[in-house]
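Asker: If you scroll down you'll find the structure; I have some questions about it.
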Amino acid sequence: MDNVTTVGHAHAHADHEHELPFWQRYVFSQDHKVIGIQYAITALLFLLLGFTLMMIMRWQLAYPSQPIPFIGGLFGDANAPGGIMLPEFYNQLGAMHGTIMVFLGVVPLAVGGFGNFVVPLQIGAPDMAFPRLNMASYWVYFVGGVVMLASFFAPGGAANSGWTSYVPLAVIATQGQTWWLIGMTCLITSSLLGAINFIVTMVQLRAPGLTWMRLPFFVWTQLVTAFLLLLAFPPLEAAAFLQLMDRLVGTSFFLPSGLVVSGQALEVSGGGSALLWQHLFWFLAHPEVYVLILPAMGIVAEIIANNTRKPLWGYRPMVYSVIFLGFMSFIVWAHHMFLTGMGTYISAFFQTTTMIISIPSVIILSALFISLYGGSIRFTTPMLFALGFLPMFGIGGLTGLPLAFAASDIHLHDTLYVIGHFHYVVAPGTIFALFAGIYYWFPKATGRKMNELLGKIHFWGSFIFMNGVFWPMLIQGLAGMNRRMYDGGIQYQHVQDVLQWNSVMSWSAWGLGLFQIFFIINFFRSIRNGEKTNNNPWEATTLEWQAPSPPPHGNFLSPPEVHRGPYEYSVPGAATDFTPQGQRS
Amino acid sequence: MEIPYTVDTRADTGLNNVKLGIWLFLASEVMLFGGLFSSYVLLRVGAEAGTWPQGAEILSIPLATFNTIVLIGSSVTMVMAWASLKLRDLFKYRLYMGTTVALALVFLIVKAFEYADKFSHHLYPSESTFLGIYFLITGLHGLHIVGGIIVNSYFLLPGVKMWHTAPERFTNRVEAAGLYWHFVDLVWIFLFPVLYLL
Amino acid sequence: MGELLGLPVQASAHAVEVDQLIVVVHWIMAILFVGWGAFFLYTLFRFRQSRNAKGDYVGVKSHTSSYLEIAVAVVEAVLLIGFAIPAWATRVNEFPSEGESTVVRVVAKQFEWHIQYPGPDGMFGRTTLDLITPTNAIGLDRSDPMAVDDLVTINQLNLPVDKPALVHLSTQDVIHSFGISSMRVKQDAIPGQEIPVWFIPTQTGDFEINCSQLCGLGHYRMRGFVTIQTEGEFRDWFQEEMAFQGAN
Ligand code: HEA
Ligand code: HEA
Ligand code: CUA
Ligand SMILES: [Cu+2]
């Protein structure tokens with residue numbers, strides 16, 4: 001096929017696309033870019049919702065049992081009589097914050113949004129391998145989200161047993177838990193469909209010349225992520241079925257004999273195991289945390305290479321590290337369960353695997369740091385967020401170490417130190433990377449750039465306040481303050497000295513919320529009024545920048561071919577400081 | 001816009017999209033049933049001595065043996081259906097595919113009788129953890145059978161139109177459906193001894 | 001560093017050991033953080049576009065980072081084998097004998113801690129489900145000869161100082177976690193299991209049990225008290241409580 005006919009083809013299709021009715025173009029679209037954007041917008045809205053829940057909770061933590069100002073009346077007497085939050089409601093907000101952030105916010109944005117939009121473009125494919133399946137996975141996700149939202153209106157409100165839904169508590173919990181399980185089943189199914197589609201796309205649809213070691217690092221992270229989703233999610237689905245049976249049919253998979261609840265013997269056959277749930281849950285949920293971080297690392301790597309104008313340092317070791325991380329993440333799950341009564345041998349095994357898995361993370365982070373050396377660094381908004389990611393992920397990762405030793409975990413388990421640890425990884429870590437990705441790929445999706453000034457204000461505000469929320473958690477955790485404390489722990493003598501941090505953290509959280517307004521305005525304003533750009537505003541090398549902005553249905557005007565590695569910046573003797581992958585030498 | 005390798009195999013991976021897709025799907029299914037089998041093992045090992053019944057005390061081995069034969073038979077006819085397409089014999093394809101669907105229905109009917117019999121003896125999932133896991137795993141397996149029946153019926157009746165426009169693609173699809181069907185069969189072959197015999 | 005980290009008082013014998021590990025790990029974290037942080041800030045300053053107009057295609061050539069990574073791995077291995085695993089092993093393997101320790105049963109329920117002392121005979125009285133009433137929350141069978149001298153308290157754990165305490169931990173309903181921050185003790189109470197926990201209190205005074213696992217609405221207020229007394233005080237307390245309980 002020569003170029004001329006392909007161009008003709010693409011045009012024919014572009015015209016054809018205009019004939020599709022609105023709902024097929026934008027609602028039930030099978031185009032990976034539209035689906036990616038649907039995913040991204042939905043997920044951003046969920047992130048905002050999850051954050052809002054937390055901003056409400058933080059009132060109760062800072063000012064226990066004082067009426068919530070302004071909006072306190074909205075929650076009804078069942079949740080907040082007189083505007084004062086009840087513990088029931090606090091627990092709902094906590095469980096749903098965790099669930100929404102992880103399963104409805106970050107994963108759909110990182111995988112469904114960026115994966116869908118960017119991966120086919122970066123590998124030079126016309127679309128995903130199974131476009132209809134792709135559409136289905138979005139809509140199943142959407143239904144899962146609706147079920148989760150609806151659960152707030154169930155009798156007794158939403159799920160309230162933590163995002164971990166530990167049994168037996170979750171089995172005897174109010175109806176919201178059933179909705180949670182059904183919602184999770186939808187989300188799992190959606191992720192499975194998506195994962196199959198991603199892997200097939202990346203294996204089969206790479207453009208000619210795009211060998212494995214020429215793949216952008218982002219694609220590698222998505223590939224490993226897809227495998228994690230594919231293999232780790234089904235056991236949680238099995239677990240969800242078991243818990244549903246316990247709740248609805250009266251089985252006792254998770255209920256041992258002889259339970260007494262509120263002074264009444266529980267009328268069940270018994271003989272179950274409470275720890276079985278934890279094993280099944282963490283078998284998913286540990287790989288899941290790498291699902292949260294790997295795409296983020298991929299985004300950061302792309303942006304760093306682009307904004308340092310030099311190749312990534314240590315591309316190969318990074319790729320091997322990601323693959324190794326993927327493998328290892330399946331055998332560390334019980335480090336969340338050290339204090340459930342674990343013997344020396346089993347705990348030694350899981351401590352060792354956890355130490356081993358920290359090494360590839362160290363390698364990747366070091367490689368990213370070293371990549372900066374010798375660069376010509378441009379502090380664009382995406383780069384600021386990517387740079388912000390590095391030390392923040394560093395703090396999050398480092399604080400994982402004292403948790404990973406069973407002996408020190410005795411003191412730190414279930415304290416705010418754990419909360420601080422993982423928020424450093426997921427919030428100023430992953431969320432920053434996702435922001436970076438939005439600023440970076442926005443011109444590809446819309447043909448316009450987001451405003452740099454608003455972006456920088458957004459960055460600095462977020463950077464300062466994120467630390468304002470999460471650093472004190474580490475301090476409180478070391479002092480022994482527990483997590484999931486409805487009253488912020490005020491009753492306990494041993495944490496009196498660190499209580500004053502509660503209000504600092506809350507005000508930081510609200511400040512953080514304030515600075516998101518700059519982002520939201522910037523985002524919506526730039527869709528129509530942003531500065532117009534050409535196809536490759538960042539002068540980048542990877543294939544997506546070779547397509548028009550926004551790319552038409554089918555993506556490329558002529559089928560791309562790849563002639564070199566992904567990050568050929570500042571090649572000695574080259575005419576420009578970037579040599580695109582698709583450029584013939 | 002054409003998506004490449006929907007029909008032909010890609011030279012460097014040796015696969016077409018559908019085939020890779022179905023293998024990945026089966027990998028996730030292995031993890032799903034693997035999770036349930038592991039739960040079974042953990043629950044059984046953790047059960048108090050003497051509380052876990054022998055499958056045969058409660059379940060009917062003859063019915064299950066019959067069902068095992070039925071399901072293996074349907075796997076054979078499924079292969080034959082695919083082979084007939086390869087030999088470009090649509091009539092035989094219809095015959096074998098029809099038999100596959102029919103055998104699957106037989107399996108479900110027998111299973112329904114088994115369930116009804118349990119219920120009539122007040123053997124509900126809530127009765128014991130053994131019964132709970134029995135109903136859950138066989139129920140989930142039954143749902144997989146239902147799914148297989150739907151897919152296979154589709155390829156038997158409306159879907160067969162594709163044979164006239166894109167025979168190779170159609171054959172690939174039937175092959176994928178076949179792989180799925182063998183998997184469902186295989187799960188049963190694990191289930192049978194684990195639940196009924198051990 | 002321990003001061004800097006703001007760890008609570010060390011009121012048990014093994015607290016020192018746990019803290020030592022926490023402190024050493026934080027030293028390593030600090031070194032990595034400061035080292036890489038300095039490198040990071042230097043590169044941002046030195047290689048900004050206005051100072052370095054053209055990127056260097058090759059970048060860093062030295063292998064220092066590989067050595068660094070190996071060093072991190074070695075340090076982790078040392079911590080694991082030298083500190084973490086042995087410290088854990090003493091917690092979960094090397095229990096003191098019943099004879100030399102104060103033995104108690106702790107039964108968690110929503111949202112209280114019930115503590116049963118075996119009394120002078122050293123034997124716990126039988127408890128059964130059927131006998132559970134609001135006033136007998138653990139279902140102690142007072143007709144059992146071994147139960148006669150048993151003492152049951154709610155949310156109050158008294159222990160003599162400098163003598164190993166051996167706690168048999170269980171729960172009636174959901175998972176709770178038996179945490180005494182000041183003693184670096186924490187153990188989940190798992191339904192259907194009785195899990196032993198041990199520690200040696202080394203300071204007299206009042207401390208707190210904090211339930212560390214989300215267990216429902218009252219999780220935040222599932223607080224108990226630990227009073228560590230001298231051997232004599234403890235004996236007096238026990239007599240007094242027995243007399244009080246007998247009078248009821
Ligand atoms: C994306 C998410 C993510 C990531 C990447 C990680 C990464 C790690 N996690 Fe974390 N973790 C969570 C999310 C994550 N975790 C969550 C959500 C929970 C709690 C769940 C719950 O209970 O609700 C948790 C809980 C958790 C526990 C259980 C604690 C407890 O409940 O008691 C443990 C214990 O081993 C642990 C360990 C680790 C380790 C060793 C790493 C390692 O992989 C980290 C490796 C990284 C490094 C070692 C950093 C390297 C740094 C440098 C090289 C230098 C840095 C330099 C500068 C900063 C300048 N984590
Ligand atoms: C990915 C996971 C993730 C993320 C990103 C976050 C983000 C945040 N989390 Fe949360 N958190 C969890 C996962 C996460 N959390 C989990 C799993 C738990 C444990 C739950 C449990 O106990 O079971 C928890 C618990 C938890 C607690 C402890 C509660 C307790 O123990 O009682 C607190 C307390 O402050 C908290 C705070 C925050 C804050 C302030 C943020 C902020 O960083 C939020 C920042 C968010 C944004 C900046 C949103 C940006 C979005 C927009 C601006 C939208 C724009 C929209 C359009 C353009 C359309 N979280
Ligand atoms: Cu009991 Cu929390
Ligand atoms: Cu983990």
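Letters A, B, ... mark the chains of the structure tokens in the order given; residue numbers begin at 1 per chain; ligand numbers begin at 1, in order shown.
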Extract, using only C-alpha atoms, all DNA, RNA and protein residues at most 9 Å from Gly397 in chain A, discarding same-chain residues fewer than 2 positions from it, and format them as a PDB file with N, CA, C and O atoms, in the first residue's frame.
Answerer:
```pdb
ATOM      1  N   SER A 358      11.538  -3.955  46.754  1.00  0.00           N
ATOM      2  CA  SER A 358      11.877  -2.532  46.837  1.00  0.00           C
ATOM      3  C   SER A 358      13.063  -2.199  45.922  1.00  0.00           C
ATOM      4  O   SER A 358      13.220  -1.054  45.512  1.00  0.00           O
ATOM      5  N   SER A 361      12.192  -0.796  42.467  1.00  0.00           N
ATOM      6  CA  SER A 361      11.687   0.579  42.591  1.00  0.00           C
ATOM      7  C   SER A 361      12.845   1.545  42.769  1.00  0.00           C
ATOM      8  O   SER A 361      12.856   2.642  42.200  1.00  0.00           O
ATOM      9  N   VAL A 362      13.820   1.120  43.577  1.00  0.00           N
ATOM     10  CA  VAL A 362      14.989   1.974  43.773  1.00  0.00           C
ATOM     11  C   VAL A 362      15.696   2.180  42.435  1.00  0.00           C
ATOM     12  O   VAL A 362      16.096   3.298  42.093  1.00  0.00           O
ATOM     13  N   MET A 392       8.455  12.908  46.025  1.00  0.00           N
ATOM     14  CA  MET A 392       7.251  12.486  46.746  1.00  0.00           C
ATOM     15  C   MET A 392       7.123  10.969  46.714  1.00  0.00           C
ATOM     16  O   MET A 392       6.873  10.322  47.728  1.00  0.00           O
ATOM     17  N   PHE A 393       7.312  10.379  45.537  1.00  0.00           N
ATOM     18  CA  PHE A 393       7.330   8.915  45.481  1.00  0.00           C
ATOM     19  C   PHE A 393       8.464   8.392  46.348  1.00  0.00           C
ATOM     20  O   PHE A 393       8.328   7.358  47.010  1.00  0.00           O
ATOM     21  N   GLY A 394       9.582   9.119  46.352  1.00  0.00           N
ATOM     22  CA  GLY A 394      10.721   8.712  47.183  1.00  0.00           C
ATOM     23  C   GLY A 394      10.322   8.610  48.645  1.00  0.00           C
ATOM     24  O   GLY A 394      10.581   7.602  49.298  1.00  0.00           O
ATOM     25  N   ILE A 395       9.659   9.638  49.165  1.00  0.00           N
ATOM     26  CA  ILE A 395       9.251   9.600  50.573  1.00  0.00           C
ATOM     27  C   ILE A 395       8.269   8.447  50.799  1.00  0.00           C
ATOM     28  O   ILE A 395       8.402   7.676  51.754  1.00  0.00           O
ATOM     29  N   THR A 399       9.177   5.292  53.246  1.00  0.00           N
ATOM     30  CA  THR A 399       8.384   4.988  54.431  1.00  0.00           C
ATOM     31  C   THR A 399       7.755   3.604  54.353  1.00  0.00           C
ATOM     32  O   THR A 399       7.223   3.108  55.348  1.00  0.00           O
ATOM     33  N   GLY A 400       7.828   2.976  53.176  1.00  0.00           N
ATOM     34  CA  GLY A 400       7.383   1.584  53.094  1.00  0.00           C
ATOM     35  C   GLY A 400       8.341   0.654  53.823  1.00  0.00           C
ATOM     36  O   GLY A 400       7.948  -0.413  54.290  1.00  0.00           O
ATOM     37  N   LEU A 401       9.618   1.068  53.935  1.00  0.00           N
ATOM     38  CA  LEU A 401      10.618   0.156  54.499  1.00  0.00           C
ATOM     39  C   LEU A 401      10.354  -0.196  55.966  1.00  0.00           C
ATOM     40  O   LEU A 401      10.352  -1.376  56.316  1.00  0.00           O
ATOM     41  N   HIS A 421       2.413   6.840  54.493  1.00  0.00           N
ATOM     42  CA  HIS A 421       3.214   6.082  53.521  1.00  0.00           C
ATOM     43  C   HIS A 421       2.518   6.012  52.173  1.00  0.00           C
ATOM     44  O   HIS A 421       3.044   6.438  51.161  1.00  0.00           O
ATOM     45  N   PHE A 422       1.313   5.491  52.175  1.00  0.00           N
ATOM     46  CA  PHE A 422       0.776   5.235  50.837  1.00  0.00           C
ATOM     47  C   PHE A 422       0.202   6.476  50.193  1.00  0.00           C
ATOM     48  O   PHE A 422       0.198   6.573  48.975  1.00  0.00           O
ATOM     49  N   TYR A 424       1.687   9.348  50.260  1.00  0.00           N
ATOM     50  CA  TYR A 424       2.826   9.943  49.555  1.00  0.00           C
ATOM     51  C   TYR A 424       3.023   9.280  48.204  1.00  0.00           C
ATOM     52  O   TYR A 424       3.406   9.919  47.226  1.00  0.00           O
ATOM     53  N   VAL A 425       2.777   7.984  48.131  1.00  0.00           N
ATOM     54  CA  VAL A 425       2.956   7.316  46.843  1.00  0.00           C
ATOM     55  C   VAL A 425       1.806   7.633  45.896  1.00  0.00           C
ATOM     56  O   VAL A 425       2.025   7.902  44.718  1.00  0.00           O
TER      57      VAL A 425
END
```
Asker: Once DSSP has gone over the backbone, tell me which residues of range 34-126 of chain A are in helix (DSSP H, G or I), as a PyMOL selection string.
Answerer: chain A and resi 34-62+72-75+81-83+87-122
Asker: Skip Lys92 in chain B itself and residues of its chain fewer than 2 positions away, then list as an mmCIF file with all heavy atoms, in the first residue's frame all residues within 12 Å of it, counting only C-alpha atoms.
Answerer:
```
data_model
loop_
_atom_site.group_PDB
_atom_site.id
_atom_site.type_symbol
_atom_site.label_atom_id
_atom_site.label_comp_id
_atom_site.auth_asym_id
_atom_site.auth_seq_id
_atom_site.Cartn_x
_atom_site.Cartn_y
_atom_site.Cartn_z
ATOM 1 N N THR B 77 -17.197 -33.154 20.216
ATOM 2 C CA THR B 77 -17.986 -32.653 19.087
ATOM 3 C C THR B 77 -17.588 -31.217 18.735
ATOM 4 O O THR B 77 -17.660 -30.808 17.585
ATOM 5 C CB THR B 77 -19.494 -32.714 19.385
ATOM 6 O OG1 THR B 77 -19.743 -32.004 20.604
ATOM 7 C CG2 THR B 77 -19.979 -34.138 19.517
ATOM 8 N N MET B 78 -17.152 -30.474 19.745
ATOM 9 C CA MET B 78 -16.713 -29.095 19.479
ATOM 10 C C MET B 78 -15.499 -29.111 18.558
ATOM 11 O O MET B 78 -15.416 -28.320 17.612
ATOM 12 C CB MET B 78 -16.361 -28.427 20.817
ATOM 13 C CG MET B 78 -16.093 -26.960 20.705
ATOM 14 S SD MET B 78 -17.617 -25.992 20.627
ATOM 15 C CE MET B 78 -17.017 -24.535 19.806
ATOM 16 N N VAL B 79 -14.556 -29.997 18.839
ATOM 17 C CA VAL B 79 -13.381 -30.105 17.975
ATOM 18 C C VAL B 79 -13.811 -30.503 16.571
ATOM 19 O O VAL B 79 -13.333 -29.953 15.575
ATOM 20 C CB VAL B 79 -12.382 -31.142 18.527
ATOM 21 C CG1 VAL B 79 -11.205 -31.300 17.600
ATOM 22 C CG2 VAL B 79 -11.921 -30.742 19.914
ATOM 23 N N MET B 80 -14.759 -31.446 16.528
ATOM 24 C CA MET B 80 -15.215 -31.908 15.216
ATOM 25 C C MET B 80 -15.873 -30.762 14.436
ATOM 26 O O MET B 80 -15.694 -30.638 13.226
ATOM 27 C CB MET B 80 -16.225 -33.050 15.370
ATOM 28 C CG MET B 80 -15.711 -34.241 16.144
ATOM 29 S SD MET B 80 -14.325 -35.060 15.342
ATOM 30 C CE MET B 80 -15.212 -36.018 14.121
ATOM 31 N N ALA B 81 -16.608 -29.931 15.152
ATOM 32 C CA ALA B 81 -17.262 -28.810 14.485
ATOM 33 C C ALA B 81 -16.223 -27.906 13.846
ATOM 34 O O ALA B 81 -16.346 -27.497 12.679
ATOM 35 C CB ALA B 81 -18.100 -28.020 15.494
ATOM 36 N N TRP B 82 -15.184 -27.626 14.610
ATOM 37 C CA TRP B 82 -14.134 -26.748 14.092
ATOM 38 C C TRP B 82 -13.416 -27.414 12.920
ATOM 39 O O TRP B 82 -13.174 -26.800 11.880
ATOM 40 C CB TRP B 82 -13.154 -26.415 15.220
ATOM 41 C CG TRP B 82 -11.931 -25.691 14.765
ATOM 42 C CD1 TRP B 82 -11.879 -24.410 14.296
ATOM 43 C CD2 TRP B 82 -10.606 -26.185 14.713
ATOM 44 N NE1 TRP B 82 -10.597 -24.076 13.959
ATOM 45 C CE2 TRP B 82 -9.799 -25.157 14.212
ATOM 46 C CE3 TRP B 82 -10.013 -27.421 15.041
ATOM 47 C CZ2 TRP B 82 -8.423 -25.306 14.022
ATOM 48 C CZ3 TRP B 82 -8.638 -27.557 14.871
ATOM 49 C CH2 TRP B 82 -7.864 -26.516 14.362
ATOM 50 N N ALA B 83 -13.124 -28.733 13.095
ATOM 51 C CA ALA B 83 -12.431 -29.456 12.029
ATOM 52 C C ALA B 83 -13.280 -29.455 10.760
ATOM 53 O O ALA B 83 -12.753 -29.332 9.645
ATOM 54 C CB ALA B 83 -12.141 -30.884 12.483
ATOM 55 N N SER B 84 -14.611 -29.564 10.915
ATOM 56 C CA SER B 84 -15.477 -29.553 9.736
ATOM 57 C C SER B 84 -15.354 -28.241 8.980
ATOM 58 O O SER B 84 -15.380 -28.220 7.747
ATOM 59 C CB SER B 84 -16.933 -29.760 10.133
ATOM 60 O OG SER B 84 -17.039 -30.844 11.001
ATOM 61 N N LEU B 85 -15.233 -27.154 9.741
ATOM 62 C CA LEU B 85 -15.058 -25.869 9.071
ATOM 63 C C LEU B 85 -13.752 -25.840 8.303
ATOM 64 O O LEU B 85 -13.673 -25.352 7.178
ATOM 65 C CB LEU B 85 -15.089 -24.721 10.084
ATOM 66 C CG LEU B 85 -16.449 -24.342 10.648
ATOM 67 C CD1 LEU B 85 -16.294 -23.153 11.581
ATOM 68 C CD2 LEU B 85 -17.431 -24.010 9.537
ATOM 69 N N LYS B 86 -12.732 -26.377 8.932
ATOM 70 C CA LYS B 86 -11.426 -26.441 8.259
ATOM 71 C C LYS B 86 -11.546 -27.228 6.961
ATOM 72 O O LYS B 86 -10.898 -26.915 5.958
ATOM 73 C CB LYS B 86 -10.390 -27.111 9.181
ATOM 74 C CG LYS B 86 -9.836 -26.186 10.232
ATOM 75 C CD LYS B 86 -8.630 -25.439 9.688
ATOM 76 C CE LYS B 86 -8.159 -24.389 10.695
ATOM 77 N NZ LYS B 86 -7.353 -23.334 10.105
ATOM 78 N N LEU B 87 -12.401 -28.259 7.011
ATOM 79 C CA LEU B 87 -12.610 -29.079 5.798
ATOM 80 C C LEU B 87 -13.681 -28.472 4.902
ATOM 81 O O LEU B 87 -14.095 -29.093 3.926
ATOM 82 C CB LEU B 87 -13.006 -30.499 6.205
ATOM 83 C CG LEU B 87 -11.948 -31.268 6.994
ATOM 84 C CD1 LEU B 87 -12.505 -32.597 7.482
ATOM 85 C CD2 LEU B 87 -10.699 -31.486 6.163
ATOM 86 N N ARG B 88 -14.171 -27.320 5.274
ATOM 87 C CA ARG B 88 -15.157 -26.582 4.488
ATOM 88 C C ARG B 88 -16.456 -27.359 4.314
ATOM 89 O O ARG B 88 -17.069 -27.335 3.257
ATOM 90 C CB ARG B 88 -14.595 -26.202 3.120
ATOM 91 C CG ARG B 88 -13.195 -25.662 3.160
ATOM 92 C CD ARG B 88 -13.000 -24.544 2.180
ATOM 93 N NE ARG B 88 -12.110 -23.529 2.741
ATOM 94 C CZ ARG B 88 -12.361 -22.251 2.731
ATOM 95 N NH1 ARG B 88 -13.477 -21.799 2.202
ATOM 96 N NH2 ARG B 88 -11.531 -21.386 3.245
ATOM 97 N N ASP B 89 -16.855 -28.032 5.373
ATOM 98 C CA ASP B 89 -18.097 -28.793 5.307
ATOM 99 C C ASP B 89 -19.108 -28.186 6.274
ATOM 100 O O ASP B 89 -19.127 -28.508 7.462
ATOM 101 C CB ASP B 89 -17.805 -30.257 5.687
ATOM 102 C CG ASP B 89 -19.026 -31.145 5.471
ATOM 103 O OD1 ASP B 89 -20.163 -30.605 5.477
ATOM 104 O OD2 ASP B 89 -18.842 -32.356 5.314
ATOM 105 N N LEU B 90 -19.926 -27.283 5.774
ATOM 106 C CA LEU B 90 -20.822 -26.532 6.644
ATOM 107 C C LEU B 90 -21.891 -27.418 7.260
ATOM 108 O O LEU B 90 -22.282 -27.243 8.396
ATOM 109 C CB LEU B 90 -21.471 -25.385 5.874
ATOM 110 C CG LEU B 90 -22.168 -24.365 6.771
ATOM 111 C CD1 LEU B 90 -21.177 -23.732 7.729
ATOM 112 C CD2 LEU B 90 -22.857 -23.311 5.942
ATOM 113 N N ARG B 94 -22.634 -27.820 11.244
ATOM 114 C CA ARG B 94 -23.916 -27.580 11.912
ATOM 115 C C ARG B 94 -24.304 -28.770 12.782
ATOM 116 O O ARG B 94 -24.770 -28.609 13.910
ATOM 117 C CB ARG B 94 -25.004 -27.345 10.872
ATOM 118 C CG ARG B 94 -24.894 -26.002 10.210
ATOM 119 C CD ARG B 94 -26.278 -25.611 9.671
ATOM 120 N NE ARG B 94 -26.385 -24.203 9.442
ATOM 121 C CZ ARG B 94 -26.466 -23.663 8.208
ATOM 122 N NH1 ARG B 94 -26.461 -24.423 7.136
ATOM 123 N NH2 ARG B 94 -26.554 -22.359 8.078
ATOM 124 N N LEU B 95 -24.076 -29.943 12.230
ATOM 125 C CA LEU B 95 -24.410 -31.153 12.958
ATOM 126 C C LEU B 95 -23.650 -31.225 14.282
ATOM 127 O O LEU B 95 -24.225 -31.401 15.359
ATOM 128 C CB LEU B 95 -24.052 -32.355 12.084
ATOM 129 C CG LEU B 95 -24.556 -33.706 12.558
ATOM 130 C CD1 LEU B 95 -26.068 -33.754 12.414
ATOM 131 C CD2 LEU B 95 -23.902 -34.813 11.745
ATOM 132 N N TYR B 96 -22.324 -31.045 14.193
ATOM 133 C CA TYR B 96 -21.495 -31.192 15.397
ATOM 134 C C TYR B 96 -21.755 -30.064 16.379
ATOM 135 O O TYR B 96 -21.834 -30.278 17.593
ATOM 136 C CB TYR B 96 -20.012 -31.239 15.019
ATOM 137 C CG TYR B 96 -19.604 -32.571 14.447
ATOM 138 C CD1 TYR B 96 -19.035 -32.672 13.186
ATOM 139 C CD2 TYR B 96 -19.772 -33.741 15.210
ATOM 140 C CE1 TYR B 96 -18.662 -33.896 12.677
ATOM 141 C CE2 TYR B 96 -19.400 -34.969 14.697
ATOM 142 C CZ TYR B 96 -18.841 -35.043 13.428
ATOM 143 O OH TYR B 96 -18.475 -36.246 12.936
ATOM 144 N N MET B 97 -21.885 -28.850 15.862
ATOM 145 C CA MET B 97 -22.125 -27.714 16.760
ATOM 146 C C MET B 97 -23.464 -27.894 17.463
ATOM 147 O O MET B 97 -23.574 -27.653 18.668
ATOM 148 C CB MET B 97 -22.097 -26.423 15.952
ATOM 149 C CG MET B 97 -21.931 -25.187 16.810
ATOM 150 S SD MET B 97 -20.437 -25.258 17.815
ATOM 151 C CE MET B 97 -20.033 -23.548 17.881
ATOM 152 N N GLY B 98 -24.457 -28.367 16.687
ATOM 153 C CA GLY B 98 -25.776 -28.637 17.285
ATOM 154 C C GLY B 98 -25.650 -29.654 18.406
ATOM 155 O O GLY B 98 -26.212 -29.476 19.494
ATOM 156 N N THR B 99 -24.882 -30.695 18.159
ATOM 157 C CA THR B 99 -24.710 -31.718 19.196
ATOM 158 C C THR B 99 -24.036 -31.122 20.427
ATOM 159 O O THR B 99 -24.416 -31.434 21.563
ATOM 160 C CB THR B 99 -23.834 -32.881 18.659
ATOM 161 O OG1 THR B 99 -24.222 -33.133 17.314
ATOM 162 C CG2 THR B 99 -23.996 -34.108 19.510
ATOM 163 N N LEU B 156 -23.980 -21.103 15.794
ATOM 164 C CA LEU B 156 -24.740 -22.125 15.088
ATOM 165 C C LEU B 156 -25.794 -21.482 14.194
ATOM 166 O O LEU B 156 -25.995 -21.897 13.064
ATOM 167 C CB LEU B 156 -25.416 -23.042 16.125
ATOM 168 C CG LEU B 156 -26.255 -24.191 15.583
ATOM 169 C CD1 LEU B 156 -25.377 -25.158 14.809
ATOM 170 C CD2 LEU B 156 -26.947 -24.913 16.732
#
```
Asker: Kindly provide, as a PyMOL selection string, all nucleotide and amino acid residues lying within 7 Å of ligand 4, counting only C-alpha atoms and all ligand atoms.
Answerer: chain A and resi 286+289+332-333+335-336
Asker: Hey, can you check how far CA of Asn210 in chain C sits from CA of Gly179 in chain C?
Answerer: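 Rounded to one decimal, the two atoms are 5.1 Å apart.
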Asker: Using DSSP on the backbone, list every residue of range 127-359 of chain A that comes out as strand (DSSP E or B), and give them as a list in words.
Answerer: Ala158, Val260, Val261, Gln264 and Ala265 of chain A
Asker: May I have the residues within 9 Å of Leu5 in chain C as a tab-separated table (two decimals) with N, CA, C and O atoms, in the first residue's frame, using only C-alpha atoms and disregarding those fewer than 4 positions away in the same chain?
Answerer:
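Result file is out_12.tsv:
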```
chain	number	residue	atom	x	y	z
A	475	ILE	N	4.29	11.86	61.42
A	475	ILE	CA	4.59	12.23	62.81
A	475	ILE	C	3.58	11.59	63.76
A	475	ILE	O	3.95	10.97	64.75
A	478	LEU	N	4.07	7.79	64.04
A	478	LEU	CA	5.18	7.37	64.90
A	478	LEU	C	4.82	7.51	66.37
A	478	LEU	O	5.26	6.72	67.21
A	479	ALA	N	3.98	8.50	66.68
A	479	ALA	CA	3.56	8.67	68.07
A	479	ALA	C	2.53	7.61	68.46
A	479	ALA	O	2.14	7.52	69.62
C	1	MET	N	17.92	10.09	67.27
C	1	MET	CA	16.90	9.93	66.23
C	1	MET	C	15.57	9.51	66.83
C	1	MET	O	14.52	9.99	66.42
C	23	VAL	N	14.60	3.11	64.35
C	23	VAL	CA	15.59	4.19	64.25
C	23	VAL	C	16.61	3.90	63.15
C	23	VAL	O	16.89	4.76	62.31
C	26	HIS	N	15.14	4.42	59.81
C	26	HIS	CA	14.96	5.84	59.49
C	26	HIS	C	16.29	6.53	59.19
C	26	HIS	O	16.33	7.46	58.39
```
